[in-house]
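What follows is a short report on a single structure.
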Amino acid sequence: MKVEVCLFDSHAHYEDKKFDAVRSELMTALPLPGEHSPLGVCGILNCGCDHESTQTCIALAEQYPFVYAAAGIHPHEAGREDIQTLSWLYQALRHPKVVALGEIGLDYHYDFSPRDVQKKVLDIQFQIARETKKPVVIHDREAHGDCMTFVRKYTDVRGVFHSYSGSGEMAKELIKHGWYISYSGSVTFKNAHNLRDSVLSVPLDRILVETDAPYLAPVPHRGKRNDSHLMYATVETLAQLKRMPPLEIAQITCINAKRLFGLQ
């Protein structure tokens, strides 16, 4: 069986207002090779952060065949969502193009929501993931220890740590628990030495690649609005670290994403 070589962006936010003026044109162009990528994009996971953004993500997934959605409550929004009435989340997770629960997690950098509230909302969503058997997409910013506590508590839940920022040792433990590691453009940044070292601890069948668009554009595009074509620069960095051709990394990470999100 011939396997298509293409890019699968395992985490993006095309519902973001930064795309409003160009969204239609960009989404039409992404499946084809472009100026910054010899490969087209065959898959994008667009991640919701609350009720409203989740609905927009689902609408985009309905509009574009190669776009899928994740539904969830981001830690920034944990203090704003009414966790007593999460019927919308259950309903979203039943949609055929919603393939994951996310973006959920802990953010101790900004602390826009109190940490106890973040942990309470994350615990509820891990329970929902267990009930619905959906993989989760974890946001972990300066909260490695507490995020790993949830991984160890919910051993029957699987998913991906998006825009990974942990150590090689943490990656090894995640792999043992059946999790995936996704690298964004931050792995290309000049001072990201420890992050690049962590790549060496992750087996090929557990690596994903992402943009976190419109954020975290990789070098040499850093500071620009990110999109899925620019992700090829991240693929090239992973390929250098793994001493493999970029096209092979693209193919492997695409297969991995489809496996995790049940798209095979």
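Residues in the structure tokens are named by chain (A, B, ... in the order shown) and by number from 1 within that chain; ligands are numbered from 1 in the order shown.
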Exercise. Would you kindly return, as a PyMOL selection string, each protein, DNA or RNA residue with an atom no farther than 10 Å from any atom of region 184-194 of chain A, considering only C-alpha atoms and excluding same-chain residues fewer than 2 positions away?
Key: chain A and resi 9-11+162-168+182+196-199+208-213+215-222+226+230-238
Exercise. Enumerate, as a PyMOL selection string, the complete set of residues in region 32-217 of chain A that a backbone-based DSSP assignment places in strand (DSSP E).
Key: chain A and resi 41-47+67-71+98-107+136-141+159-161+180-183+207-209
Write the residues you've just listed into a file as a CSV table (one decimal), in the first residue's frame, and include N, CA and C atoms for each of them.
```csv
chain,number,residue,atom,x,y,z
A,41,VAL,N,-0.4,19.8,2.9
A,41,VAL,CA,-0.9,19.4,4.3
A,41,VAL,C,-2.1,18.5,4.1
A,42,CYS,N,-2.1,17.3,4.7
A,42,CYS,CA,-3.2,16.4,4.5
A,42,CYS,C,-4.0,16.3,5.8
A,43,GLY,N,-3.6,17.0,6.9
A,43,GLY,CA,-4.3,16.9,8.1
A,43,GLY,C,-3.9,18.0,9.1
A,44,ILE,N,-5.0,18.6,9.7
A,44,ILE,CA,-4.8,19.6,10.7
A,44,ILE,C,-5.7,19.3,11.9
A,45,LEU,N,-5.2,19.3,13.1
A,45,LEU,CA,-6.0,19.2,14.3
A,45,LEU,C,-6.2,20.6,14.8
A,46,ASN,N,-7.4,21.2,14.7
A,46,ASN,CA,-7.7,22.5,15.2
A,46,ASN,C,-8.3,22.4,16.6
A,47,CYS,N,-7.6,23.0,17.6
A,47,CYS,CA,-7.9,22.8,19.0
A,47,CYS,C,-8.7,23.9,19.6
A,67,VAL,N,-9.3,19.0,7.8
A,67,VAL,CA,-9.3,19.6,9.1
A,67,VAL,C,-10.2,18.8,10.1
A,68,TYR,N,-9.6,18.6,11.3
A,68,TYR,CA,-10.3,17.9,12.4
A,68,TYR,C,-10.3,18.8,13.6
A,69,ALA,N,-11.1,18.5,14.5
A,69,ALA,CA,-11.3,19.4,15.7
A,69,ALA,C,-11.0,18.7,17.0
A,70,ALA,N,-10.6,19.4,18.0
A,70,ALA,CA,-10.5,19.0,19.4
A,70,ALA,C,-11.4,19.9,20.2
A,71,ALA,N,-12.0,19.4,21.2
A,71,ALA,CA,-12.9,20.1,22.0
A,71,ALA,C,-12.4,20.1,23.5
A,98,VAL,N,-14.7,15.5,15.6
A,98,VAL,CA,-14.0,15.8,16.8
A,98,VAL,C,-13.2,14.6,17.3
A,99,VAL,N,-11.9,14.6,17.2
A,99,VAL,CA,-11.1,13.4,17.4
A,99,VAL,C,-10.3,13.4,18.7
A,100,ALA,N,-10.4,14.5,19.4
A,100,ALA,CA,-9.6,14.5,20.7
A,100,ALA,C,-10.3,15.5,21.6
A,101,LEU,N,-9.9,15.4,22.9
A,101,LEU,CA,-10.3,16.3,24.0
A,101,LEU,C,-9.2,17.3,24.2
A,102,GLY,N,-9.3,18.5,23.9
A,102,GLY,CA,-8.2,19.5,24.1
A,102,GLY,C,-8.6,20.8,23.5
A,103,GLU,N,-7.9,21.8,23.8
A,103,GLU,CA,-6.6,21.8,24.5
A,103,GLU,C,-6.9,22.0,26.0
A,104,ILE,N,-6.4,21.1,26.8
A,104,ILE,CA,-6.6,21.1,28.2
A,104,ILE,C,-5.2,21.0,28.9
A,105,GLY,N,-5.1,21.4,30.2
A,105,GLY,CA,-3.9,21.3,30.8
A,105,GLY,C,-3.7,22.3,32.0
A,106,LEU,N,-2.4,22.6,32.2
A,106,LEU,CA,-2.1,23.6,33.3
A,106,LEU,C,-1.1,24.6,32.7
A,107,ASP,N,-1.3,25.8,33.1
A,107,ASP,CA,-0.4,26.9,32.7
A,107,ASP,C,0.0,27.7,34.0
A,136,VAL,N,-6.3,12.9,24.7
A,136,VAL,CA,-6.3,14.3,25.1
A,136,VAL,C,-5.1,15.0,24.6
A,137,VAL,N,-5.3,16.3,24.5
A,137,VAL,CA,-4.2,17.2,24.0
A,137,VAL,C,-3.8,18.1,25.2
A,138,ILE,N,-2.6,17.9,25.7
A,138,ILE,CA,-2.2,18.6,26.9
A,138,ILE,C,-1.4,19.8,26.7
A,139,HIS,N,-1.8,20.9,27.3
A,139,HIS,CA,-1.0,22.2,27.4
A,139,HIS,C,-0.3,22.2,28.7
A,140,ASP,N,1.0,22.2,28.7
A,140,ASP,CA,1.8,22.1,29.9
A,140,ASP,C,2.9,23.2,29.9
A,141,ARG,N,2.6,24.3,30.6
A,141,ARG,CA,3.6,25.4,30.6
A,141,ARG,C,4.0,25.6,32.1
A,159,GLY,N,-2.7,10.3,25.1
A,159,GLY,CA,-2.8,11.6,24.4
A,159,GLY,C,-1.5,12.1,24.0
A,160,VAL,N,-1.4,13.4,23.9
A,160,VAL,CA,-0.1,14.1,23.4
A,160,VAL,C,0.1,15.3,24.2
A,161,PHE,N,1.4,15.5,24.6
A,161,PHE,CA,1.8,16.8,25.2
A,161,PHE,C,2.2,17.7,24.0
A,180,TYR,N,2.2,10.4,23.4
A,180,TYR,CA,3.0,11.0,22.3
A,180,TYR,C,3.5,12.3,22.7
A,181,ILE,N,4.6,12.7,21.9
A,181,ILE,CA,5.2,14.0,22.2
A,181,ILE,C,5.2,14.8,20.9
A,182,SER,N,4.7,16.0,20.9
A,182,SER,CA,4.6,16.9,19.7
A,182,SER,C,5.5,18.1,19.9
A,183,TYR,N,6.3,18.3,18.8
A,183,TYR,CA,7.2,19.4,18.8
A,183,TYR,C,6.7,20.5,17.8
A,207,ILE,N,6.5,10.4,17.9
A,207,ILE,CA,6.7,11.9,17.6
A,207,ILE,C,5.6,12.4,16.7
A,208,LEU,N,5.1,13.6,17.1
A,208,LEU,CA,4.2,14.4,16.3
A,208,LEU,C,4.9,15.7,16.0
A,209,VAL,N,4.4,16.4,15.0
A,209,VAL,CA,4.9,17.8,14.7
A,209,VAL,C,3.7,18.7,14.6
```
Quiz item: With only C-alpha atoms as the basis for distance, which of A:Val5, A:Leu86, A:Glu248, A:Tyr154 is at the shortest distance from Leu32 (chain A)?
Solution: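 Smallest distance to Leu32 (chain A) is found for A:Val5.
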Quiz item: Quick one: residues within 9 Å of Gln118 (chain A), only C-alpha atoms counted, chain neighbours fewer than 2 positions away excluded, as a list in words?
Solution: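 Listed by chain and then number, they are His74, Pro75, His76, Glu77, Ala78, Gly79, Gly105, Leu106, Asp107, Asp111, Ser113, Pro114, Arg115, Asp116, Lys120, Val121, Leu122 and Asp123 of chain A.
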File dump, residues just selected, C-alpha atoms, as a compact mmCIF listing (two decimals), in the first residue's frame:
```txt
# COMPACT_ATOMS: atom_id res chain seq x y z
CA HIS A 74 -7.87 25.54 28.10
CA PRO A 75 -6.34 26.34 31.51
CA HIS A 76 -6.63 30.06 30.73
CA GLU A 77 -10.40 29.59 30.48
CA ALA A 78 -10.76 27.24 33.45
CA GLY A 79 -12.06 29.98 35.72
CA GLY A 105 -3.86 21.25 30.84
CA LEU A 106 -2.07 23.55 33.26
CA ASP A 107 -0.40 26.92 32.72
CA ASP A 111 -1.82 31.83 35.89
CA SER A 113 -6.94 30.97 36.27
CA PRO A 114 -6.11 30.03 39.90
CA ARG A 115 -4.04 26.86 40.01
CA ASP A 116 -6.53 24.94 42.14
CA LYS A 120 -10.04 20.82 39.19
CA VAL A 121 -11.10 21.50 35.60
CA LEU A 122 -8.29 19.32 34.25
CA ASP A 123 -9.33 16.46 36.54
```
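With CA of Glu62 (chain A) on one side and CA of Pro96 (chain A) on the other, the separation reads 9.5 Å.
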Quiz item: Out of region 123-231 of chain A, which residues get helix (DSSP H, G or I) from DSSP, as a count of residues only?
Solution: 43
Self-check item: Which of A:Asn256, A:Gln91, A:Thr132, A:Gln125 sits closest to Gln55 (chain A) [using only C-alpha atoms]
Solution: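 Closest to Gln55 (chain A) of all the choices is A:Gln91.
Separating CA of Ala171 (chain A) from CA of Phe150 (chain A) is a distance of 14.8 Å.
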